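The structure appears below as structure tokens.
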Amino acid sequence: MNTTADNLSREELAEVRASVGALLRLTADVAEPTDFRRLKALMKQGVETGALNRNRHGFHRLVHNIETARLMSEKIGPDRQIVLAILLRDLCRGGMLTREQISNEWGDDVASMIDKLLKTAALYSKSPAVASENFRNLLLTFAEDIRVILIMIVDRLNLMRAINHHPDEQFVKDTALEASYLYAPLSHRLGLYTIKSELEDLAMKYTNRRVYTEIARELNATKVARDKYIQDFIAPVKAKLEQTGLKFSIKGRTKSISSIWNKILKQHNDLKHIYDLFAIRIILDVPPEREKAECWNVYSIITDMYTPNPARMKDWLSIPKSNGYESLHTTVYGPEGKWVEVQIRTRRMDEIAEKGLAAHWKYKGIKSEDNLDTWMANVRDILEAGQHGPSALMKDLKMDVYNKEIFVFTPRGDLFKLPQGATVLDFAFNIHSKLGCQCVGGKVNGKNRKLNYKLHSGDTVEVTTSANQQPKQDWLQMVVTSKARTKIRQTLNEQANRQADLGRELLQRRLKNRKLDMEEADLMKVIKKLGFKSVTDFFSAIGREEISVNDVVAQWEEITIKSEPTETRSAEEFHIHPDDDTSSAGTDVVIIGNNIKNINYKLSKCCNPIYGDDVFGFVSAEGVIKIHRRDCPNAAHICRRYPERLIATRWSGKLGHQFAANLRIVGNDDLGIVTNISSIINKEKDVILRNISIQANDGIFQGFLTVGVNNTESLSALVKKLKTVKGVKDVQRSN
């Protein structure tokens with residue numbers, strides 16, 4: 001690709017030409033005839049106009065994007081839409097192309113992928129992902145489309161290759177750490193073992209260069225002897241297999257540097273004594289119907305030649321790994337007393353092992369893509385409900401990534417995969433969330449076991465439940481699967497919110513009895529004085545009766561008495577018309593008794609009645625008639641204790657007044673949800689948003705709105721529309 005731009009060095013131009021040549025070869029079967037000519041013109045224009053420029057770390061976007069597209073096609077497989085999205089994204093970011101132009105020329109699918117890629121780029125530009133609450137939103141964007149995850153993984157591999165000796169050491173360290181805690185586990189989940197190993201090696205190189213260099217130097221020094229040993233091991237195996245008439249290939253390898261270092265740490269050993277440092281891979285060319293039989297045939301030949309270690313035999317043919325990996329592994333005692341791992345698989349299995357779950361696309365009809373769908377659904381569940389900050393999300397995502405798997409049966413013989421260390425409680429949640437929430441134990445191989453009993457491969461488990469059971473905080477210490485942890489946290493949060501609602505209502509009633517208003521400023525002072533970290537924790541403690549509501553009211557009175565006696569009015573107390581508390585002649589909106597006019601009345605603040613509510617009047621000790629809703633929290637008490645003070649009340653036929661109505665909204669704490677709520681309210685005729693207060697905790701928000709409405713019909717219509725907002729779980733009128 002030629003360009004006259006001055007901002008590309010000779011080395012970069014040479015790199016672009018080499019990458020473009022390789023990309024053309026790799027995508028020859030999937031590209032349209034006009035793709036290259038059109039992309040070449042756009043790339044040149046992008047460089048000349050500055051849409052394709054250098055990023056803040058000095059890397060040219062043109063060079064980076066073309067190399068990322070080449071790596072994607074080489075490491076995972078050529079895909080026209082993915083390559084187009086990679087190459088065109090920065091042209092959209094730079095304003096040279098619009099989404100409509102992309103959609104019209106390249107299709108909605110490409111445009112949609114670019115939208116998600118730009119969204120992730122915007123989150124990254126604000127701050128390092130791990131240091132920000134944008135982390136969860138970044139991952140949610142990943143989880144919307146498996147291809148976005150693949151692009152970001154390959155993009156990060158490209159960046160990791162490029163940052164060696166970059167002058168910004170902190171940038172290099174942050175990038176390497178992020179690769180190790182996020183992108184390597186994601187690669188492992190998707191079966192991209194080659195990419196995962198390289199990311200781990202590069203991360204180790206940039207964060208622990210001394211140890212990395214020592215191991216690399218030692219491996220290099222012993223390379224000749226190691227290669228000779230591998231060839232000597234392979235030669236007789238190859239000769240024996242050729243006698244069977246099988247079509248196959250054999251290759252040997254040494255484990256990755258990061259894998260070797262982990263073994264050194266785990267075995268408390270040195271490089272010379274590392275167990276199974278060598279690995280031999282035998283790849284068979286056989287039709288699908290003969291795959292398993294021929295793999296076992298080769299296994300038999302190998303174990304006849306060399307003594308196997310029974311404890312190191314791994315059968316992923318009968319039951320593949322969760323990420324689709326299929327292979328037969330054995331470790332044998334080779335010449336010179338060295339252990340050698342032998343991996344036996346077919347060509348199809350090897351491609352899936354190298355290119356991960358994405359390779360299943362190529363084999364539709366041969367292998368199911370259920371693993372991919374299940375994994376994606378699991379990621380979304382974790383991100384949508386397991387919201388305890390970036391560190392907890394990372395832990396959940398990595399929870400059972402590198403653990404070995406066990407296989408457990410139901411009494412009916414259904415087989416379930418779980419990570420090693422999984423308990424009866426993990427098993428219950430793996431079957432169904434409701435079953436997990438009500439689990440009290442289980443029968444394992446016919447014996448009663450507790451919730452925290454650790455399962456073993458081959459166990460048959462029957463879950464025991466109780467309708468009265470509820471998740472407890474200590475359950476989080478009993479489980480190892482991300483699905484179980486996510487659901488337990490979600491349920492505990494819901495329980496806390498219900499307790500908080502109960503506590504808020506209890507405190508509001510008690511304050512009303514003392515003729516005190518729940519002012520936000522006073523509330524925060526009381527919460528701080530009592531030592532609570534959040535409003536939800538405070539109200540939950542009242543709801544669970546951990547603190548006495550009388551003690552809270554006493555603290556409240558002490559604070560308000562000490563406060564300067566200035567008159568303030570909250571949004572809940574505010575009405576648009578200045579004469580809203582008492583009616584004036586000719587403007588009554590309620591008719592009291594037998595059509596009595598011009599009588600002093602007030603709309604009660606404990607229930608905020610609005611036009612259309614079923615109401616009654618109550619003669620207070622001050623002689624003022626207070627108008628209450630029939631469903632007011634205080635109505636039953638008033639009617640029972642002061643029946644002689646009740647007076648019939650109804651609304652007049654006059655409209656025009658606006659009334660303050662309070663709404664409580666609960667939903668997911670997503671970006672833009674407050675804007676969407678406000679937008680709907682502002683579009684409603686004769687509805688005014690007077691106040692909005694949002695409290696968020698663990699990814700769940702609770703909002704209290706005060707709106708001005710004419711009547712109950714307007715309020716009902718508004719509530720119905722608010723419930724349609726994405727992320728909103730419930731909208732209720734509050735007192």
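To be explicit about the labels: the chains of the structure tokens are called A, B, and onward in the order shown, and within each one the residues are counted from 1, while ligands get numbers from 1 in the order they are shown.
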
Residues within 6 Å of Met313 of chain A, please, as a PDB file with all heavy atoms, in the first residue's frame. Count only C-alpha atoms; anything in the same chain fewer than 2 positions from it doesn't count.
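As a result, selection-v8.pdb now contains:
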```
ATOM      1  N   PRO A 310       0.143 -43.445  34.834  1.00  0.00           N
ATOM      2  CA  PRO A 310      -1.338 -43.475  34.867  1.00  0.00           C
ATOM      3  C   PRO A 310      -1.953 -42.201  35.451  1.00  0.00           C
ATOM      4  O   PRO A 310      -3.035 -41.787  35.039  1.00  0.00           O
ATOM      5  CB  PRO A 310      -1.641 -44.690  35.761  1.00  0.00           C
ATOM      6  CG  PRO A 310      -0.408 -45.523  35.721  1.00  0.00           C
ATOM      7  CD  PRO A 310       0.734 -44.573  35.570  1.00  0.00           C
ATOM      8  N   ALA A 311      -1.251 -41.572  36.405  1.00  0.00           N
ATOM      9  CA  ALA A 311      -1.801 -40.373  37.047  1.00  0.00           C
ATOM     10  C   ALA A 311      -1.823 -39.181  36.106  1.00  0.00           C
ATOM     11  O   ALA A 311      -2.517 -38.188  36.373  1.00  0.00           O
ATOM     12  CB  ALA A 311      -0.980 -40.031  38.297  1.00  0.00           C
ATOM     13  N   HIS A 329      -4.174 -37.057  26.152  1.00  0.00           N
ATOM     14  CA  HIS A 329      -2.838 -36.785  26.667  1.00  0.00           C
ATOM     15  C   HIS A 329      -2.353 -37.952  27.510  1.00  0.00           C
ATOM     16  O   HIS A 329      -3.110 -38.524  28.296  1.00  0.00           O
ATOM     17  CB  HIS A 329      -2.836 -35.527  27.549  1.00  0.00           C
ATOM     18  CG  HIS A 329      -3.090 -34.262  26.804  1.00  0.00           C
ATOM     19  ND1 HIS A 329      -2.836 -33.016  27.339  1.00  0.00           N
ATOM     20  CD2 HIS A 329      -3.567 -34.026  25.554  1.00  0.00           C
ATOM     21  CE1 HIS A 329      -3.153 -32.081  26.462  1.00  0.00           C
ATOM     22  NE2 HIS A 329      -3.612 -32.677  25.373  1.00  0.00           N
ATOM     23  N   THR A 330      -1.092 -38.254  27.365  1.00  0.00           N
ATOM     24  CA  THR A 330      -0.436 -39.201  28.261  1.00  0.00           C
ATOM     25  C   THR A 330       1.004 -38.743  28.460  1.00  0.00           C
ATOM     26  O   THR A 330       1.585 -38.100  27.580  1.00  0.00           O
ATOM     27  CB  THR A 330      -0.463 -40.638  27.698  1.00  0.00           C
ATOM     28  OG1 THR A 330       0.102 -41.533  28.648  1.00  0.00           O
ATOM     29  CG2 THR A 330       0.305 -40.745  26.391  1.00  0.00           C
TER      30      THR A 330
END
```

Just the residues within 12 Å of Lys314 of chain A, please, counting only C-alpha atoms, with nothing from its chain fewer than 5 positions along; format it as a PDB file with all heavy atoms, in the first residue's frame.
```
ATOM      1  N   TYR A 299      -2.693 -44.142  20.897  1.00  0.00           N
ATOM      2  CA  TYR A 299      -2.370 -44.190  22.329  1.00  0.00           C
ATOM      3  C   TYR A 299      -1.835 -45.570  22.703  1.00  0.00           C
ATOM      4  O   TYR A 299      -0.849 -45.702  23.453  1.00  0.00           O
ATOM      5  CB  TYR A 299      -3.624 -43.869  23.138  1.00  0.00           C
ATOM      6  CG  TYR A 299      -3.481 -44.086  24.629  1.00  0.00           C
ATOM      7  CD1 TYR A 299      -2.885 -43.124  25.446  1.00  0.00           C
ATOM      8  CD2 TYR A 299      -3.937 -45.264  25.223  1.00  0.00           C
ATOM      9  CE1 TYR A 299      -2.741 -43.339  26.812  1.00  0.00           C
ATOM     10  CE2 TYR A 299      -3.804 -45.489  26.588  1.00  0.00           C
ATOM     11  CZ  TYR A 299      -3.213 -44.518  27.376  1.00  0.00           C
ATOM     12  OH  TYR A 299      -3.064 -44.727  28.724  1.00  0.00           O
ATOM     13  N   PRO A 308       3.793 -45.565  30.510  1.00  0.00           N
ATOM     14  CA  PRO A 308       3.003 -44.357  30.812  1.00  0.00           C
ATOM     15  C   PRO A 308       2.884 -44.130  32.323  1.00  0.00           C
ATOM     16  O   PRO A 308       3.024 -45.065  33.116  1.00  0.00           O
ATOM     17  CB  PRO A 308       1.636 -44.674  30.216  1.00  0.00           C
ATOM     18  CG  PRO A 308       1.523 -46.161  30.342  1.00  0.00           C
ATOM     19  CD  PRO A 308       2.928 -46.719  30.176  1.00  0.00           C
ATOM     20  N   ASN A 309       2.629 -42.903  32.672  1.00  0.00           N
ATOM     21  CA  ASN A 309       2.316 -42.538  34.058  1.00  0.00           C
ATOM     22  C   ASN A 309       0.790 -42.467  34.167  1.00  0.00           C
ATOM     23  O   ASN A 309       0.182 -41.538  33.639  1.00  0.00           O
ATOM     24  CB  ASN A 309       2.945 -41.192  34.411  1.00  0.00           C
ATOM     25  CG  ASN A 309       2.713 -40.792  35.862  1.00  0.00           C
ATOM     26  OD1 ASN A 309       1.822 -41.340  36.524  1.00  0.00           O
ATOM     27  ND2 ASN A 309       3.503 -39.855  36.347  1.00  0.00           N
ATOM     28  N   ILE A 319     -15.032 -36.650  26.882  1.00  0.00           N
ATOM     29  CA  ILE A 319     -15.713 -35.465  27.411  1.00  0.00           C
ATOM     30  C   ILE A 319     -14.810 -34.258  27.180  1.00  0.00           C
ATOM     31  O   ILE A 319     -13.873 -34.021  27.947  1.00  0.00           O
ATOM     32  CB  ILE A 319     -16.019 -35.613  28.911  1.00  0.00           C
ATOM     33  CG1 ILE A 319     -16.766 -36.912  29.182  1.00  0.00           C
ATOM     34  CG2 ILE A 319     -16.837 -34.416  29.404  1.00  0.00           C
ATOM     35  CD1 ILE A 319     -16.983 -37.204  30.648  1.00  0.00           C
ATOM     36  N   PRO A 320     -15.041 -33.476  26.114  1.00  0.00           N
ATOM     37  CA  PRO A 320     -14.176 -32.324  25.827  1.00  0.00           C
ATOM     38  C   PRO A 320     -14.235 -31.278  26.942  1.00  0.00           C
ATOM     39  O   PRO A 320     -15.158 -31.256  27.750  1.00  0.00           O
ATOM     40  CB  PRO A 320     -14.774 -31.761  24.524  1.00  0.00           C
ATOM     41  CG  PRO A 320     -15.555 -32.886  23.936  1.00  0.00           C
ATOM     42  CD  PRO A 320     -16.073 -33.670  25.098  1.00  0.00           C
ATOM     43  N   LYS A 321     -13.239 -30.386  26.964  1.00  0.00           N
ATOM     44  CA  LYS A 321     -13.229 -29.288  27.917  1.00  0.00           C
ATOM     45  C   LYS A 321     -14.374 -28.319  27.618  1.00  0.00           C
ATOM     46  O   LYS A 321     -14.969 -28.347  26.539  1.00  0.00           O
ATOM     47  CB  LYS A 321     -11.895 -28.520  27.841  1.00  0.00           C
ATOM     48  CG  LYS A 321     -10.731 -29.234  28.503  1.00  0.00           C
ATOM     49  CD  LYS A 321      -9.513 -28.308  28.522  1.00  0.00           C
ATOM     50  CE  LYS A 321      -8.361 -28.941  29.273  1.00  0.00           C
ATOM     51  NZ  LYS A 321      -7.203 -28.021  29.351  1.00  0.00           N
ATOM     52  N   TYR A 325     -12.020 -27.862  23.771  1.00  0.00           N
ATOM     53  CA  TYR A 325     -10.747 -28.560  23.562  1.00  0.00           C
ATOM     54  C   TYR A 325     -10.939 -30.070  23.598  1.00  0.00           C
ATOM     55  O   TYR A 325     -11.544 -30.608  24.521  1.00  0.00           O
ATOM     56  CB  TYR A 325      -9.754 -28.139  24.641  1.00  0.00           C
ATOM     57  CG  TYR A 325      -8.377 -28.761  24.495  1.00  0.00           C
ATOM     58  CD1 TYR A 325      -7.432 -28.203  23.650  1.00  0.00           C
ATOM     59  CD2 TYR A 325      -8.030 -29.897  25.222  1.00  0.00           C
ATOM     60  CE1 TYR A 325      -6.169 -28.753  23.527  1.00  0.00           C
ATOM     61  CE2 TYR A 325      -6.778 -30.465  25.109  1.00  0.00           C
ATOM     62  CZ  TYR A 325      -5.844 -29.891  24.256  1.00  0.00           C
ATOM     63  OH  TYR A 325      -4.589 -30.444  24.140  1.00  0.00           O
ATOM     64  N   GLU A 326     -10.403 -30.743  22.560  1.00  0.00           N
ATOM     65  CA  GLU A 326     -10.461 -32.195  22.475  1.00  0.00           C
ATOM     66  C   GLU A 326      -9.056 -32.722  22.214  1.00  0.00           C
ATOM     67  O   GLU A 326      -8.371 -32.252  21.304  1.00  0.00           O
ATOM     68  CB  GLU A 326     -11.384 -32.646  21.342  1.00  0.00           C
ATOM     69  CG  GLU A 326     -12.845 -32.282  21.514  1.00  0.00           C
ATOM     70  CD  GLU A 326     -13.627 -32.621  20.260  1.00  0.00           C
ATOM     71  OE1 GLU A 326     -14.111 -33.758  20.155  1.00  0.00           O
ATOM     72  OE2 GLU A 326     -13.742 -31.750  19.393  1.00  0.00           O
ATOM     73  N   SER A 327      -8.629 -33.695  23.002  1.00  0.00           N
ATOM     74  CA  SER A 327      -7.315 -34.283  22.805  1.00  0.00           C
ATOM     75  C   SER A 327      -7.152 -35.434  23.786  1.00  0.00           C
ATOM     76  O   SER A 327      -7.903 -35.560  24.752  1.00  0.00           O
ATOM     77  CB  SER A 327      -6.209 -33.241  23.022  1.00  0.00           C
ATOM     78  OG  SER A 327      -4.954 -33.734  22.605  1.00  0.00           O
ATOM     79  N   LEU A 328      -6.168 -36.290  23.514  1.00  0.00           N
ATOM     80  CA  LEU A 328      -5.837 -37.399  24.406  1.00  0.00           C
ATOM     81  C   LEU A 328      -4.389 -37.203  24.845  1.00  0.00           C
ATOM     82  O   LEU A 328      -3.488 -37.137  24.002  1.00  0.00           O
ATOM     83  CB  LEU A 328      -6.010 -38.723  23.662  1.00  0.00           C
ATOM     84  CG  LEU A 328      -5.899 -40.016  24.478  1.00  0.00           C
ATOM     85  CD1 LEU A 328      -6.934 -40.047  25.599  1.00  0.00           C
ATOM     86  CD2 LEU A 328      -6.063 -41.223  23.562  1.00  0.00           C
ATOM     87  N   HIS A 329      -4.174 -37.057  26.152  1.00  0.00           N
ATOM     88  CA  HIS A 329      -2.838 -36.785  26.667  1.00  0.00           C
ATOM     89  C   HIS A 329      -2.353 -37.952  27.510  1.00  0.00           C
ATOM     90  O   HIS A 329      -3.110 -38.524  28.296  1.00  0.00           O
ATOM     91  CB  HIS A 329      -2.836 -35.527  27.549  1.00  0.00           C
ATOM     92  CG  HIS A 329      -3.090 -34.262  26.804  1.00  0.00           C
ATOM     93  ND1 HIS A 329      -2.836 -33.016  27.339  1.00  0.00           N
ATOM     94  CD2 HIS A 329      -3.567 -34.026  25.554  1.00  0.00           C
ATOM     95  CE1 HIS A 329      -3.153 -32.081  26.462  1.00  0.00           C
ATOM     96  NE2 HIS A 329      -3.612 -32.677  25.373  1.00  0.00           N
ATOM     97  N   THR A 330      -1.092 -38.254  27.365  1.00  0.00           N
ATOM     98  CA  THR A 330      -0.436 -39.201  28.261  1.00  0.00           C
ATOM     99  C   THR A 330       1.004 -38.743  28.460  1.00  0.00           C
ATOM    100  O   THR A 330       1.585 -38.100  27.580  1.00  0.00           O
ATOM    101  CB  THR A 330      -0.463 -40.638  27.698  1.00  0.00           C
ATOM    102  OG1 THR A 330       0.102 -41.533  28.648  1.00  0.00           O
ATOM    103  CG2 THR A 330       0.305 -40.745  26.391  1.00  0.00           C
ATOM    104  N   THR A 331       1.568 -39.031  29.619  1.00  0.00           N
ATOM    105  CA  THR A 331       2.962 -38.704  29.895  1.00  0.00           C
ATOM    106  C   THR A 331       3.722 -40.011  30.068  1.00  0.00           C
ATOM    107  O   THR A 331       3.337 -40.852  30.891  1.00  0.00           O
ATOM    108  CB  THR A 331       3.094 -37.837  31.169  1.00  0.00           C
ATOM    109  OG1 THR A 331       2.353 -36.635  30.980  1.00  0.00           O
ATOM    110  CG2 THR A 331       4.543 -37.491  31.445  1.00  0.00           C
ATOM    111  N   GLU A 341       5.482 -35.539  27.557  1.00  0.00           N
ATOM    112  CA  GLU A 341       4.031 -35.525  27.374  1.00  0.00           C
ATOM    113  C   GLU A 341       3.715 -35.743  25.894  1.00  0.00           C
ATOM    114  O   GLU A 341       4.288 -35.065  25.028  1.00  0.00           O
ATOM    115  CB  GLU A 341       3.427 -34.199  27.843  1.00  0.00           C
ATOM    116  CG  GLU A 341       1.903 -34.170  27.725  1.00  0.00           C
ATOM    117  CD  GLU A 341       1.305 -32.829  28.127  1.00  0.00           C
ATOM    118  OE1 GLU A 341       1.604 -31.824  27.451  1.00  0.00           O
ATOM    119  OE2 GLU A 341       0.541 -32.798  29.095  1.00  0.00           O
ATOM    120  N   VAL A 342       2.806 -36.657  25.616  1.00  0.00           N
ATOM    121  CA  VAL A 342       2.380 -36.934  24.239  1.00  0.00           C
ATOM    122  C   VAL A 342       0.914 -36.553  24.100  1.00  0.00           C
ATOM    123  O   VAL A 342       0.065 -37.029  24.861  1.00  0.00           O
ATOM    124  CB  VAL A 342       2.580 -38.423  23.880  1.00  0.00           C
ATOM    125  CG1 VAL A 342       2.130 -38.683  22.441  1.00  0.00           C
ATOM    126  CG2 VAL A 342       4.031 -38.831  24.072  1.00  0.00           C
ATOM    127  N   GLN A 343       0.622 -35.691  23.123  1.00  0.00           N
ATOM    128  CA  GLN A 343      -0.743 -35.253  22.846  1.00  0.00           C
ATOM    129  C   GLN A 343      -1.182 -35.870  21.523  1.00  0.00           C
ATOM    130  O   GLN A 343      -0.485 -35.751  20.518  1.00  0.00           O
ATOM    131  CB  GLN A 343      -0.809 -33.725  22.771  1.00  0.00           C
ATOM    132  CG  GLN A 343      -0.334 -33.031  24.039  1.00  0.00           C
ATOM    133  CD  GLN A 343      -0.249 -31.524  23.869  1.00  0.00           C
ATOM    134  OE1 GLN A 343      -0.470 -30.990  22.779  1.00  0.00           O
ATOM    135  NE2 GLN A 343       0.079 -30.832  24.951  1.00  0.00           N
ATOM    136  N   ILE A 344      -2.341 -36.518  21.545  1.00  0.00           N
ATOM    137  CA  ILE A 344      -2.852 -37.202  20.355  1.00  0.00           C
ATOM    138  C   ILE A 344      -4.190 -36.574  19.975  1.00  0.00           C
ATOM    139  O   ILE A 344      -5.118 -36.523  20.793  1.00  0.00           O
ATOM    140  CB  ILE A 344      -3.035 -38.716  20.630  1.00  0.00           C
ATOM    141  CG1 ILE A 344      -1.726 -39.326  21.156  1.00  0.00           C
ATOM    142  CG2 ILE A 344      -3.499 -39.432  19.368  1.00  0.00           C
ATOM    143  CD1 ILE A 344      -1.911 -40.709  21.763  1.00  0.00           C
ATOM    144  N   LYS A 404      -8.705 -27.400  36.992  1.00  0.00           N
ATOM    145  CA  LYS A 404      -9.055 -28.640  36.312  1.00  0.00           C
ATOM    146  C   LYS A 404     -10.551 -28.885  36.468  1.00  0.00           C
ATOM    147  O   LYS A 404     -11.198 -28.341  37.359  1.00  0.00           O
ATOM    148  CB  LYS A 404      -8.262 -29.797  36.902  1.00  0.00           C
ATOM    149  CG  LYS A 404      -6.755 -29.659  36.730  1.00  0.00           C
ATOM    150  CD  LYS A 404      -6.024 -30.800  37.412  1.00  0.00           C
ATOM    151  CE  LYS A 404      -4.516 -30.639  37.274  1.00  0.00           C
ATOM    152  NZ  LYS A 404      -3.783 -31.709  37.987  1.00  0.00           N
ATOM    153  N   GLU A 405     -11.088 -29.720  35.610  1.00  0.00           N
ATOM    154  CA  GLU A 405     -12.522 -29.983  35.632  1.00  0.00           C
ATOM    155  C   GLU A 405     -12.830 -31.333  36.268  1.00  0.00           C
ATOM    156  O   GLU A 405     -12.047 -32.277  36.164  1.00  0.00           O
ATOM    157  CB  GLU A 405     -13.090 -29.937  34.206  1.00  0.00           C
ATOM    158  CG  GLU A 405     -13.050 -28.547  33.596  1.00  0.00           C
ATOM    159  CD  GLU A 405     -13.500 -28.538  32.154  1.00  0.00           C
ATOM    160  OE1 GLU A 405     -13.099 -29.450  31.407  1.00  0.00           O
ATOM    161  OE2 GLU A 405     -14.234 -27.621  31.771  1.00  0.00           O
ATOM    162  N   ILE A 406     -13.971 -31.397  36.940  1.00  0.00           N
ATOM    163  CA  ILE A 406     -14.490 -32.670  37.439  1.00  0.00           C
ATOM    164  C   ILE A 406     -15.827 -32.915  36.757  1.00  0.00           C
ATOM    165  O   ILE A 406     -16.454 -31.983  36.232  1.00  0.00           O
ATOM    166  CB  ILE A 406     -14.649 -32.679  38.975  1.00  0.00           C
ATOM    167  CG1 ILE A 406     -15.674 -31.608  39.410  1.00  0.00           C
ATOM    168  CG2 ILE A 406     -13.321 -32.486  39.667  1.00  0.00           C
ATOM    169  CD1 ILE A 406     -16.035 -31.699  40.888  1.00  0.00           C
TER     170      ILE A 406
END
```

Original post:
Which residue, A:Ala18, A:Cys437, A:Ile264, A:Val619, has the smallest gap to Asn468 of chain A when you use only C-alpha atoms?
Top reply: A:Cys437

Subject >> Nearby residues (only C-alpha atoms) at most 8 Å from segment 199-214 of chain A, same-chain spacing under 4 positions excluded, as a PyMOL selection string >> reply: chain A and resi 157+160-161+164+172-173+176-177+179-180+183-184+195+218+256-258

Can you write just those residues out, N, CA and C atoms, as a PDB file, in the first residue's frame?
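As written to disk, selection00.pdb reads:
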```pdb
ATOM      1  N   LEU A 157      -2.710  -8.521  21.691  1.00  0.00           N
ATOM      2  CA  LEU A 157      -1.508  -9.273  21.341  1.00  0.00           C
ATOM      3  C   LEU A 157      -0.589  -8.430  20.458  1.00  0.00           C
ATOM      4  N   MET A 160       1.035  -5.835  22.625  1.00  0.00           N
ATOM      5  CA  MET A 160       2.043  -6.430  23.508  1.00  0.00           C
ATOM      6  C   MET A 160       3.334  -6.724  22.745  1.00  0.00           C
ATOM      7  N   ARG A 161       3.224  -7.114  21.496  1.00  0.00           N
ATOM      8  CA  ARG A 161       4.421  -7.341  20.693  1.00  0.00           C
ATOM      9  C   ARG A 161       5.173  -6.042  20.413  1.00  0.00           C
ATOM     10  N   ASN A 164       7.749  -3.584  23.481  1.00  0.00           N
ATOM     11  CA  ASN A 164       9.066  -3.921  24.030  1.00  0.00           C
ATOM     12  C   ASN A 164      10.002  -2.717  23.906  1.00  0.00           C
ATOM     13  N   VAL A 172       3.868   0.394  29.775  1.00  0.00           N
ATOM     14  CA  VAL A 172       4.222  -0.996  29.466  1.00  0.00           C
ATOM     15  C   VAL A 172       3.756  -1.919  30.585  1.00  0.00           C
ATOM     16  N   LYS A 173       3.999  -1.514  31.829  1.00  0.00           N
ATOM     17  CA  LYS A 173       3.616  -2.344  32.970  1.00  0.00           C
ATOM     18  C   LYS A 173       2.099  -2.498  33.047  1.00  0.00           C
ATOM     19  N   ALA A 176       0.864  -4.796  30.298  1.00  0.00           N
ATOM     20  CA  ALA A 176       1.214  -6.192  30.568  1.00  0.00           C
ATOM     21  C   ALA A 176       0.327  -6.789  31.646  1.00  0.00           C
ATOM     22  N   LEU A 177       0.071  -6.035  32.712  1.00  0.00           N
ATOM     23  CA  LEU A 177      -0.781  -6.539  33.792  1.00  0.00           C
ATOM     24  C   LEU A 177      -2.195  -6.782  33.292  1.00  0.00           C
ATOM     25  N   ALA A 179      -3.059  -7.493  30.288  1.00  0.00           N
ATOM     26  CA  ALA A 179      -3.032  -8.681  29.431  1.00  0.00           C
ATOM     27  C   ALA A 179      -3.091  -9.956  30.267  1.00  0.00           C
ATOM     28  N   SER A 180      -2.419  -9.946  31.422  1.00  0.00           N
ATOM     29  CA  SER A 180      -2.369 -11.154  32.243  1.00  0.00           C
ATOM     30  C   SER A 180      -3.653 -11.397  33.013  1.00  0.00           C
ATOM     31  N   TYR A 183      -6.939 -10.440  29.341  1.00  0.00           N
ATOM     32  CA  TYR A 183      -6.919 -10.992  27.991  1.00  0.00           C
ATOM     33  C   TYR A 183      -6.410 -12.433  27.940  1.00  0.00           C
ATOM     34  N   ALA A 184      -5.447 -12.787  28.783  1.00  0.00           N
ATOM     35  CA  ALA A 184      -4.999 -14.188  28.804  1.00  0.00           C
ATOM     36  C   ALA A 184      -6.111 -15.117  29.301  1.00  0.00           C
ATOM     37  N   ILE A 195      -2.372 -17.928  21.610  1.00  0.00           N
ATOM     38  CA  ILE A 195      -2.401 -16.510  21.973  1.00  0.00           C
ATOM     39  C   ILE A 195      -2.256 -16.343  23.474  1.00  0.00           C
ATOM     40  N   GLU A 218      18.639 -19.968  29.427  1.00  0.00           N
ATOM     41  CA  GLU A 218      18.874 -21.379  29.719  1.00  0.00           C
ATOM     42  C   GLU A 218      18.277 -22.270  28.634  1.00  0.00           C
ATOM     43  N   SER A 256       5.995 -23.139  27.243  1.00  0.00           N
ATOM     44  CA  SER A 256       6.236 -21.695  27.241  1.00  0.00           C
ATOM     45  C   SER A 256       6.998 -21.277  28.489  1.00  0.00           C
ATOM     46  N   ILE A 257       7.639 -20.112  28.403  1.00  0.00           N
ATOM     47  CA  ILE A 257       8.458 -19.636  29.519  1.00  0.00           C
ATOM     48  C   ILE A 257       7.605 -19.396  30.762  1.00  0.00           C
ATOM     49  N   SER A 258       6.426 -18.805  30.578  1.00  0.00           N
ATOM     50  CA  SER A 258       5.564 -18.539  31.736  1.00  0.00           C
ATOM     51  C   SER A 258       5.089 -19.851  32.363  1.00  0.00           C
TER      52      SER A 258
END
```

Original post:
Which of segment 410-497 of chain A counts as strand (DSSP E) under DSSP, as number ranges by chain please?
Top reply: A: 415-419, 439-444, 447-449, 461-465

Subject >> For atom CA of Asn448 of chain A and atom CA of Gln469 of chain A, the interatomic separation in Å (one decimal) >> reply: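 Separation between atom CA of Asn448 of chain A and atom CA of Gln469 of chain A: 17.3 Å.
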
Original post:
Interatomic distance between atom CA of Gly436 of chain A and atom CA of Lys729 of chain A?
Top reply: 22.8 Å

**OP:** Would you mind listing what lies within 6 Å of segment 532-549 of chain A as a PyMOL selection string, with only C-alpha atoms counted and same-chain residues fewer than 2 positions away left out?
**Re:** chain A and resi 496+499-500+502-504+527+530+551-552

Subject >> Distance of atom CA of Asn497 of chain A from atom CA of Met518 of chain A, expressed in Å to one decimal place >> reply: 18.9 Å

**OP:** Using only C-alpha atoms, find the one residue out of A:Arg345, A:Tyr642, A:Gln473, A:Cys632 that sits nearest to Ser620 of chain A.
**Re:**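 Nearest candidate to Ser620 of chain A out of A:Arg345, A:Tyr642, A:Gln473, A:Cys632: A:Tyr642.
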